[in-house]
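Undergrad: One structure, pasted below without further comment.
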Amino acid sequence: MTCTVGNREKPASAGSPVADSSRVSAGLFTRAAGLGLAMLSLLGACVADPGPQPGEQAIWARDLLAHVRILASPRMEGRAAGSEGAGKAAEYIAGEFRKIGLRPGGTGDTFFQPFDLVTEIRLGSDNRLESVTQGANPVSRAFRPWAEFIPISFSEEGSVEAEITFVGYGITAPELGYDDYAGIDVAGKAVLIMTHEPRERDQHGPFRSAEAFHYTTNRYKAINAREHGAAAVILVTDPNNHSGEQDTVLSLQDAPSSSSGIVAVSIVREVAETFISGSRKTLSGLQQEIDGRLAPRSFLAEGIKVNMKVSLVRVRGITANVVGLLPGRDPVLKDEAVVIGAHYDHLGRGGESSLAPAAFNAVHPGADDNASGTSALMALASAFRSGGGTGRTLIFVAFSGEEIGLLGSYHYVKHPSIPIERTVAMINLDSVGRMDKHLLYIQGVGSGEGLREIVQEANRGLGVDLTLRDDGFGPSDHTPFYAKERPVLHFFTGPHLDYHRPSDTIDKINVEGLHTVTTLAYRTVAMIADRATPIAYRKTGGTPPSERSGERGVGYGPYFGSIPDFSESAVAGVLLSGVRPGSPAERAGLQAGDVIVNFAGIAVKNLQDLIFALRTKRAGDGIDITFLRRGKEERTQATLERRR
């Protein structure tokens with residue numbers, strides 16, 4: 001039988017204050033020693049219905065809000081993975097786990113499970129940008145690093161000497177009837193590109209829609225230039241439409257960026273004006289012409305060449321998952337585990353993933369994403385400890401590196417505290433602090449037998465408006481677990497306009513909604529952890545995800561169905577952790593472990609290349625795919641589908 005938890009009224013929101021955290025100790029993560037795995041036997045037993053759970057009474061709204069306030073405070077500096085702020089957050093979470101009475105589940109009898117990643121990009125020893133006028137008496141001018149130019153963090157390293165071609169905004173959007181590269185050959189040229197997108201006089205236009213947002217990103221512009229044969233990208237802030245942005249070079253803040261496969265630099269407008277001065281045109285005038293007609297004004301800047309070199313150093317550092325264990329109380333079921341997870345990292349001071357490019361170097365506090373989920377994680381640990389635990393062992397994991405590719409959760413499934421085959425389910429809490437109209441999205445209810453019914457039973461008396469989706473894959477930390485054929489549930493209160501912006505602040509947290517989500521998660525975990533038999537894994541159906549499903553991270557053009565594995569690989573390409581059932585990717589014969597290296601004629605070195613390639617296509621298009629399987633190159637074809 002399935003053991004259930006009795007329903008209770010939501011407790012009052014009063015509670016004890018939460019202590020502040022101490023500062024990060026020097027060399028925190030480097031002191032952790034080797035990982036000891038609990039090699040336990042898989043057994044089974046029936047646990048009687050526990051009835052009402054006293055631990056639920058220990059979930060207090062005041063404590064939840066106090067955790068969010070600390071994690072989203074300015075001194076955490078946005079908690080970018082590998083940063084000092086993220087280290088402070090990890091120390092705080094570990095301190096709370098210790099006070100609660102959890103056992104360390106990390107390496108070397110600590111709460112920390114460290115792993116390395118790229119944390120910073122610095123200039124190498126030789127970076128230069130020079131203009132050279134052509135003619136009988138050539139004149140060269142060298143520009144100053146930082147003051148007048150800077151390599152972009154996603155730049156390829158190397159040297160380029162080339163003519164300069166102005167290509168407006170650097171956009172190719174056939175569905176909108178716009179192409180800055182139409183009628184002009186940029187092969188071997190250095191292309192001069194303005195940031196942002198064409199706008200009409202009323203500041204509206206076709207590029208202001210959500211579907212066209214990707215055309216405005218600097219990464220898109222660089223890859224588009226590469227695919228048109230350009231040798232280099234020179235990016236300048238547009239002069240007219242964004243008065244709030246300074247005329248300055250870009251920052252190297254977005255450190256984890258992978259290479260775009262093309263040399264790329266950022267320059268100030270004065271330098272750009274010198275590049276096009278021979279045409280007797282100005283950057284402002286050209287932008288006004290483009291915006292006025294919504295038509296390109298691309299041209300070769302005659303009489304001038306550019307000589308450039310980019311040298312970058314990618315600095316690796318340490319971050320860590322924070323892992324705490326609450327041993328099971330049943331002598332048999334304790335050898336199995338339920339993982340409850342939430343990522344604690346965010347964007348730091350912005351970078352490539354920020355949706356507020358004008359907020360240059362501003363702290364992104366991430367109160368909802370994901371201080372809210374981490375707060376719920378700590379509250380659940382405290383509640384289950386107060387209630388005496390469950391039959392199975394509970395593993396509480398605060399993941400790092402989610403924002404740059406689910407790095408922490410992929411690391412955990414390869415180095416689990418209890419073997420992954422004995423992990424009966426994973427419950428993920430990501431951005432659960434902005435409940436609106438009592439609505440909650442729960443993904444993965446089809447990934448395990450009976451999960452839908454368990455969630456619905458847990459909701460009795462809470463009155464949450466549940467939007468349930470079967471799919472076990474999604475853009476958060478449950479995905480690596482589902483790829484290992486573990487049942488998963490992903491809790492999410494829905495998208496909002498403050499996502500990945502500095503405005504994701506604590507004053508916008510719905511604390512009562514957060515309390516309700518935490519209570520629902522408590523009941524769900526209790527039923528899964530106390531049932532007599534493990535949840536049976538199910539392979540979910542293949543319905544394409546909707547653009548309006550409440551998922552974040554969807555919308556990469558037509559539907560293909562590949563699931564990337566973000567673990568580092570020695571081979572360039574996109575490593576797959578799986579494919580969605582019934583998807584074009586599955587029908588094409590792709591499977592976990594394959595590495596996509598070419599998609600629709602576009603070389604794929606990283607996920608951004610694959611996203612770019614997808615966005616150049618439409619539903620119904622047939623595409624060729626080249627992939628590696630066990631090191632051997634193979635080819636297949638697929639027909640893309642529409643998202644529903």
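FYI, nothing fancy with the structure tokens labels: chains A, B, ... in order, residues from 1 per chain, ligands from 1 as they appear.
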From a DSSP calculation on the backbone, collect every residue of stretch 178-412 of chain A in strand (DSSP E) and output the set as a ChimeraX atom specification.
TA: /A:178-179,190-194,232-236,263-267,299-310,312-326,337-343,393-399
Undergrad: Can I get the residues of stretch 381-435 of chain A within 10 Å of stretch 109-124 of chain A, each with the closest pair of atoms and their distance in Å to one decimal, using only C-alpha atoms, sorted chain first then ascending number, as JSON lines?
TA:
```
{"residue": "A:Val397", "atom": "CA", "partner": "A:Phe111", "partner_atom": "CA", "distance": 9.4}
{"residue": "A:Ala398", "atom": "CA", "partner": "A:Phe112", "partner_atom": "CA", "distance": 9.7}
{"residue": "A:Phe399", "atom": "CA", "partner": "A:Gln113", "partner_atom": "CA", "distance": 9.4}
{"residue": "A:Ser400", "atom": "CA", "partner": "A:Pro114", "partner_atom": "CA", "distance": 9.3}
{"residue": "A:Gly401", "atom": "CA", "partner": "A:Leu117", "partner_atom": "CA", "distance": 8.5}
{"residue": "A:Ile404", "atom": "CA", "partner": "A:Leu117", "partner_atom": "CA", "distance": 9.7}
{"residue": "A:Leu407", "atom": "CA", "partner": "A:Leu117", "partner_atom": "CA", "distance": 8.6}
{"residue": "A:Gly408", "atom": "CA", "partner": "A:Phe115", "partner_atom": "CA", "distance": 7.9}
{"residue": "A:His411", "atom": "CA", "partner": "A:Phe115", "partner_atom": "CA", "distance": 7.6}
{"residue": "A:Tyr412", "atom": "CA", "partner": "A:Gln113", "partner_atom": "CA", "distance": 8.1}
{"residue": "A:His415", "atom": "CA", "partner": "A:Gln113", "partner_atom": "CA", "distance": 8.8}
{"residue": "A:Pro416", "atom": "CA", "partner": "A:Gln113", "partner_atom": "CA", "distance": 9.7}
{"residue": "A:Ser417", "atom": "CA", "partner": "A:Gln113", "partner_atom": "CA", "distance": 9.6}
```
Undergrad: Keeping only C-alpha atoms, write the selected residues to a file as a PDB file, in the first residue's frame.
TA:
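Listed below is the output, again.pdb:
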```pdb
ATOM      1  CA  VAL A 397      21.325  19.336  -1.865  1.00  0.00           C
ATOM      2  CA  ALA A 398      21.873  23.026  -2.572  1.00  0.00           C
ATOM      3  CA  PHE A 399      23.338  22.966  -6.081  1.00  0.00           C
ATOM      4  CA  SER A 400      25.835  25.418  -7.539  1.00  0.00           C
ATOM      5  CA  GLY A 401      26.421  26.101 -11.226  1.00  0.00           C
ATOM      6  CA  ILE A 404      25.729  28.090 -16.308  1.00  0.00           C
ATOM      7  CA  LEU A 407      26.873  21.863 -13.502  1.00  0.00           C
ATOM      8  CA  GLY A 408      26.252  21.027  -9.854  1.00  0.00           C
ATOM      9  CA  HIS A 411      28.291  16.580 -10.828  1.00  0.00           C
ATOM     10  CA  TYR A 412      26.100  15.154  -8.062  1.00  0.00           C
ATOM     11  CA  HIS A 415      29.189  11.440  -7.342  1.00  0.00           C
ATOM     12  CA  PRO A 416      26.030  10.748  -5.296  1.00  0.00           C
ATOM     13  CA  SER A 417      25.997  10.509  -1.516  1.00  0.00           C
TER      14      SER A 417
END
```
Undergrad: Tell me which protein, DNA and RNA residues are within 6 Å of stretch 150-167 of chain A, counting only C-alpha atoms, leaving out same-chain ones fewer than 5 positions away, and put them as a tab-separated table (two decimals) with all heavy atoms, in the first residue's frame.
TA:
```tsv
chain	number	residue	atom	x	y	z
A	145	PRO	N	43.56	49.28	-24.94
A	145	PRO	CA	42.70	48.28	-24.27
A	145	PRO	C	41.98	48.90	-23.08
A	145	PRO	O	42.52	49.79	-22.41
A	145	PRO	CB	43.69	47.20	-23.82
A	145	PRO	CG	44.93	47.43	-24.60
A	145	PRO	CD	44.97	48.88	-24.94
A	180	ASP	N	20.60	42.13	-42.65
A	180	ASP	CA	21.71	43.09	-42.79
A	180	ASP	C	22.79	42.59	-43.73
A	180	ASP	O	23.64	43.37	-44.16
A	180	ASP	CB	22.32	43.38	-41.41
A	180	ASP	CG	21.50	44.37	-40.60
A	180	ASP	OD1	21.21	45.46	-41.12
A	180	ASP	OD2	21.16	44.05	-39.45
A	189	LYS	N	36.02	39.38	-44.02
A	189	LYS	CA	35.98	40.76	-43.55
A	189	LYS	C	35.79	40.82	-42.03
A	189	LYS	O	35.33	39.86	-41.40
A	189	LYS	CB	34.84	41.53	-44.22
A	189	LYS	CG	34.84	41.52	-45.73
A	189	LYS	CD	36.00	42.29	-46.31
A	189	LYS	CE	35.82	42.59	-47.80
A	189	LYS	NZ	35.69	41.36	-48.63
A	190	ALA	N	36.13	41.97	-41.46
A	190	ALA	CA	35.78	42.28	-40.08
A	190	ALA	C	34.49	43.09	-40.12
A	190	ALA	O	34.45	44.15	-40.74
A	190	ALA	CB	36.88	43.07	-39.39
A	191	VAL	N	33.43	42.57	-39.52
A	191	VAL	CA	32.13	43.24	-39.61
A	191	VAL	C	31.92	44.14	-38.40
A	191	VAL	O	32.15	43.75	-37.25
A	191	VAL	CB	30.98	42.23	-39.75
A	191	VAL	CG1	31.04	41.55	-41.10
A	191	VAL	CG2	31.00	41.18	-38.64
A	192	LEU	N	31.49	45.38	-38.66
A	192	LEU	CA	31.17	46.37	-37.63
A	192	LEU	C	29.67	46.30	-37.37
A	192	LEU	O	28.87	46.52	-38.29
A	192	LEU	CB	31.58	47.76	-38.08
A	192	LEU	CG	31.23	48.93	-37.15
A	192	LEU	CD1	31.91	48.78	-35.80
A	192	LEU	CD2	31.62	50.26	-37.80
A	193	ILE	N	29.28	45.99	-36.13
A	193	ILE	CA	27.89	45.72	-35.80
A	193	ILE	C	27.46	46.59	-34.62
A	193	ILE	O	28.19	46.73	-33.63
A	193	ILE	CB	27.69	44.24	-35.42
A	193	ILE	CG1	28.10	43.33	-36.58
A	193	ILE	CG2	26.24	43.96	-35.03
A	193	ILE	CD1	28.04	41.84	-36.23
A	252	LEU	N	34.11	41.88	-19.08
A	252	LEU	CA	34.43	40.45	-19.12
A	252	LEU	C	33.71	39.71	-18.00
A	252	LEU	O	34.08	38.60	-17.64
A	252	LEU	CB	35.94	40.24	-18.98
A	252	LEU	CG	36.79	40.66	-20.17
A	252	LEU	CD1	38.27	40.47	-19.86
A	252	LEU	CD2	36.42	39.87	-21.41
A	257	SER	N	31.38	32.14	-20.39
A	257	SER	CA	31.04	32.02	-21.80
A	257	SER	C	31.97	31.05	-22.54
A	257	SER	O	33.18	31.10	-22.39
A	257	SER	CB	31.14	33.38	-22.47
A	257	SER	OG	30.21	34.29	-21.94
A	258	SER	N	31.37	30.20	-23.37
A	258	SER	CA	32.15	29.37	-24.28
A	258	SER	C	32.43	30.18	-25.54
A	258	SER	O	31.76	31.16	-25.83
A	258	SER	CB	31.38	28.10	-24.62
A	258	SER	OG	30.10	28.42	-25.13
A	259	SER	N	33.40	29.75	-26.31
A	259	SER	CA	33.81	30.50	-27.50
A	259	SER	C	32.71	30.49	-28.55
A	259	SER	O	32.02	29.50	-28.77
A	259	SER	CB	35.09	29.89	-28.08
A	259	SER	OG	35.38	30.48	-29.34
A	260	SER	N	32.57	31.63	-29.24
A	260	SER	CA	31.62	31.74	-30.35
A	260	SER	C	32.24	31.31	-31.66
A	260	SER	O	31.56	31.28	-32.68
A	260	SER	CB	31.14	33.19	-30.48
A	260	SER	OG	32.24	34.05	-30.76
A	261	GLY	N	33.54	30.98	-31.65
A	261	GLY	CA	34.19	30.51	-32.86
A	261	GLY	C	34.63	31.61	-33.81
A	261	GLY	O	34.98	31.34	-34.96
A	262	ILE	N	34.63	32.87	-33.33
A	262	ILE	CA	35.07	33.99	-34.16
A	262	ILE	C	35.71	35.04	-33.26
A	262	ILE	O	35.29	35.23	-32.11
A	262	ILE	CB	33.87	34.59	-34.94
A	262	ILE	CG1	34.36	35.63	-35.96
A	262	ILE	CG2	32.83	35.17	-34.01
A	262	ILE	CD1	33.27	36.10	-36.92
A	263	VAL	N	36.77	35.70	-33.75
A	263	VAL	CA	37.41	36.78	-33.00
A	263	VAL	C	36.41	37.93	-32.86
A	263	VAL	O	35.77	38.34	-33.84
A	263	VAL	CB	38.69	37.25	-33.72
A	263	VAL	CG1	39.23	38.52	-33.07
A	263	VAL	CG2	39.73	36.14	-33.70
A	264	ALA	N	36.25	38.44	-31.65
A	264	ALA	CA	35.24	39.47	-31.40
A	264	ALA	C	35.74	40.47	-30.37
A	264	ALA	O	36.26	40.08	-29.32
A	264	ALA	CB	33.94	38.83	-30.91
A	265	VAL	N	35.57	41.77	-30.67
A	265	VAL	CA	35.96	42.83	-29.75
A	265	VAL	C	34.83	43.84	-29.63
A	265	VAL	O	33.98	43.96	-30.51
A	265	VAL	CB	37.25	43.56	-30.19
A	265	VAL	CG1	38.42	42.61	-30.27
A	265	VAL	CG2	37.04	44.29	-31.51
A	266	SER	N	34.83	44.55	-28.51
A	266	SER	CA	33.90	45.64	-28.27
A	266	SER	C	34.67	46.96	-28.33
A	266	SER	O	35.79	47.05	-27.81
A	266	SER	CB	33.26	45.46	-26.89
A	266	SER	OG	32.61	46.63	-26.45
A	298	SER	N	24.06	48.40	-45.24
A	298	SER	CA	25.39	47.80	-45.12
A	298	SER	C	26.28	48.24	-46.27
A	298	SER	O	25.81	48.45	-47.40
A	298	SER	CB	25.27	46.27	-45.09
A	298	SER	OG	24.41	45.86	-44.05
A	299	PHE	N	27.59	48.36	-45.98
A	299	PHE	CA	28.53	48.78	-47.02
A	299	PHE	C	29.96	48.46	-46.58
A	299	PHE	O	30.25	48.31	-45.39
A	299	PHE	CB	28.41	50.28	-47.29
A	299	PHE	CG	28.79	51.16	-46.13
A	299	PHE	CD1	30.09	51.65	-45.98
A	299	PHE	CD2	27.85	51.49	-45.15
A	299	PHE	CE1	30.45	52.44	-44.91
A	299	PHE	CE2	28.20	52.28	-44.06
A	299	PHE	CZ	29.50	52.76	-43.95
A	300	LEU	N	30.86	48.37	-47.54
A	300	LEU	CA	32.28	48.18	-47.29
A	300	LEU	C	32.92	49.52	-46.98
A	300	LEU	O	32.77	50.48	-47.75
A	300	LEU	CB	32.96	47.55	-48.51
A	300	LEU	CG	34.48	47.38	-48.43
A	300	LEU	CD1	34.86	46.36	-47.37
A	300	LEU	CD2	35.03	46.96	-49.80
A	301	ALA	N	33.62	49.61	-45.86
A	301	ALA	CA	34.32	50.85	-45.50
A	301	ALA	C	35.64	50.90	-46.28
A	301	ALA	O	36.62	50.27	-45.89
A	301	ALA	CB	34.58	50.89	-44.00
A	305	LYS	N	41.77	49.24	-43.21
A	305	LYS	CA	41.82	47.87	-42.72
A	305	LYS	C	41.97	47.89	-41.20
A	305	LYS	O	42.33	48.91	-40.60
A	305	LYS	CB	43.00	47.11	-43.33
A	305	LYS	CG	42.78	46.62	-44.75
A	305	LYS	CD	43.92	45.70	-45.17
A	305	LYS	CE	43.64	45.07	-46.53
A	305	LYS	NZ	44.69	44.09	-46.91
A	306	VAL	N	41.69	46.76	-40.60
A	306	VAL	CA	41.86	46.62	-39.17
A	306	VAL	C	42.83	45.47	-38.91
A	306	VAL	O	42.82	44.45	-39.60
A	306	VAL	CB	40.51	46.38	-38.46
A	306	VAL	CG1	39.93	45.03	-38.84
A	306	VAL	CG2	40.66	46.48	-36.95
A	307	ASN	N	43.69	45.68	-37.93
A	307	ASN	CA	44.63	44.66	-37.50
A	307	ASN	C	44.34	44.39	-36.03
A	307	ASN	O	44.44	45.30	-35.20
A	307	ASN	CB	46.07	45.15	-37.69
A	307	ASN	CG	47.10	44.06	-37.42
A	307	ASN	OD1	46.78	43.03	-36.85
A	307	ASN	ND2	48.33	44.31	-37.82
A	308	MET	N	43.96	43.16	-35.69
A	308	MET	CA	43.56	42.88	-34.32
A	308	MET	C	44.09	41.54	-33.84
A	308	MET	O	44.32	40.63	-34.64
A	308	MET	CB	42.02	42.91	-34.21
A	308	MET	CG	41.32	42.00	-35.17
A	308	MET	SD	39.57	42.43	-35.46
A	308	MET	CE	38.87	42.33	-33.85
A	309	LYS	N	44.27	41.46	-32.54
A	309	LYS	CA	44.68	40.20	-31.91
A	309	LYS	C	43.97	40.07	-30.58
A	309	LYS	O	43.88	41.03	-29.81
A	309	LYS	CB	46.19	40.13	-31.71
A	309	LYS	CG	46.65	38.78	-31.12
A	309	LYS	CD	48.15	38.67	-31.01
A	309	LYS	CE	48.56	37.29	-30.46
A	309	LYS	NZ	50.03	37.16	-30.34
A	310	VAL	N	43.47	38.86	-30.30
A	310	VAL	CA	42.78	38.58	-29.04
A	310	VAL	C	43.50	37.45	-28.32
A	310	VAL	O	43.75	36.39	-28.89
A	310	VAL	CB	41.30	38.19	-29.28
A	310	VAL	CG1	40.67	37.64	-28.00
A	310	VAL	CG2	40.52	39.39	-29.78
A	311	SER	N	43.84	37.71	-27.06
A	311	SER	CA	44.45	36.72	-26.19
A	311	SER	C	43.72	36.75	-24.85
A	311	SER	O	43.68	37.79	-24.18
A	311	SER	CB	45.94	37.04	-25.99
A	311	SER	OG	46.52	36.17	-25.03
```
Undergrad: Report as number ranges by chain all protein, DNA and RNA residues lying within 8 Å of stretch 80-94 of chain A, evaluated on only C-alpha atoms, omitting residues in the same chain fewer than 6 positions from it.
TA: A: 20-24, 71, 111-112, 117, 119, 317-324, 344-349, 378, 398, 400-401
Undergrad: Just the alpha helix (DSSP H) stuff from stretch 95-154 of chain A, please, per backbone DSSP, written as a list of chain:residue names.
TA: A:Gly95, A:Glu96, A:Phe97, A:Arg98, A:Lys99, A:Ile100
Undergrad: Just give me the gap between atom CA of A:Ile623 and atom CA of A:Ala638 in Å, one decimal is fine.
TA: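 Computing the Euclidean distance for atom CA of A:Ile623 and atom CA of A:Ala638 yields 5.5 Å.
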Undergrad: Using only C-alpha atoms, can you tell me which of A:Ala529, A:Leu575, A:Ala613, A:Val488 comes closest to A:Phe560?
TA: A:Ala613
Undergrad: If we count only C-alpha atoms, what is near stretch 386-396 of chain A at a cut-off of 6 Å, once residues fewer than 4 positions away on the same chain are taken out, given as a short mmCIF file (atom, residue, chain, number, x, y, z; two decimals) with C-alpha atoms, in the first residue's frame?
TA:
```cif
data_model
loop_
_atom_site.label_atom_id
_atom_site.label_comp_id
_atom_site.auth_asym_id
_atom_site.auth_seq_id
_atom_site.Cartn_x
_atom_site.Cartn_y
_atom_site.Cartn_z
CA PRO A 54 4.40 17.04 13.36
CA GLY A 55 7.19 18.33 11.12
CA VAL A 323 24.86 18.35 0.87
CA GLY A 324 23.18 17.29 4.13
CA LEU A 325 21.75 13.89 5.08
CA LEU A 326 18.85 12.96 7.34
CA PRO A 327 19.18 9.17 7.82
CA GLY A 328 16.04 7.09 7.37
CA ARG A 329 14.35 5.75 10.48
CA ASP A 330 13.19 2.46 8.93
CA LEU A 333 14.09 1.64 3.77
CA LYS A 334 16.94 3.78 5.12
CA GLU A 336 17.26 4.15 -0.17
CA ALA A 337 17.15 7.92 -0.62
CA VAL A 338 14.95 10.78 -1.74
CA VAL A 339 16.89 13.84 -2.96
CA ILE A 340 15.42 17.29 -2.34
CA GLY A 341 17.31 19.93 -4.31
CA ALA A 529 9.83 8.61 1.40
CA ASP A 530 7.45 6.54 3.56
#
```
Undergrad: Give me the residues near A:Pro487 as a ChimeraX atom specification, where near means some atom within 10 Å (using only C-alpha atoms) and where sequence neighbours in that chain fewer than 4 positions away do not count.
TA: /A:423-427,444-449,451,472,478,481-483,534-539
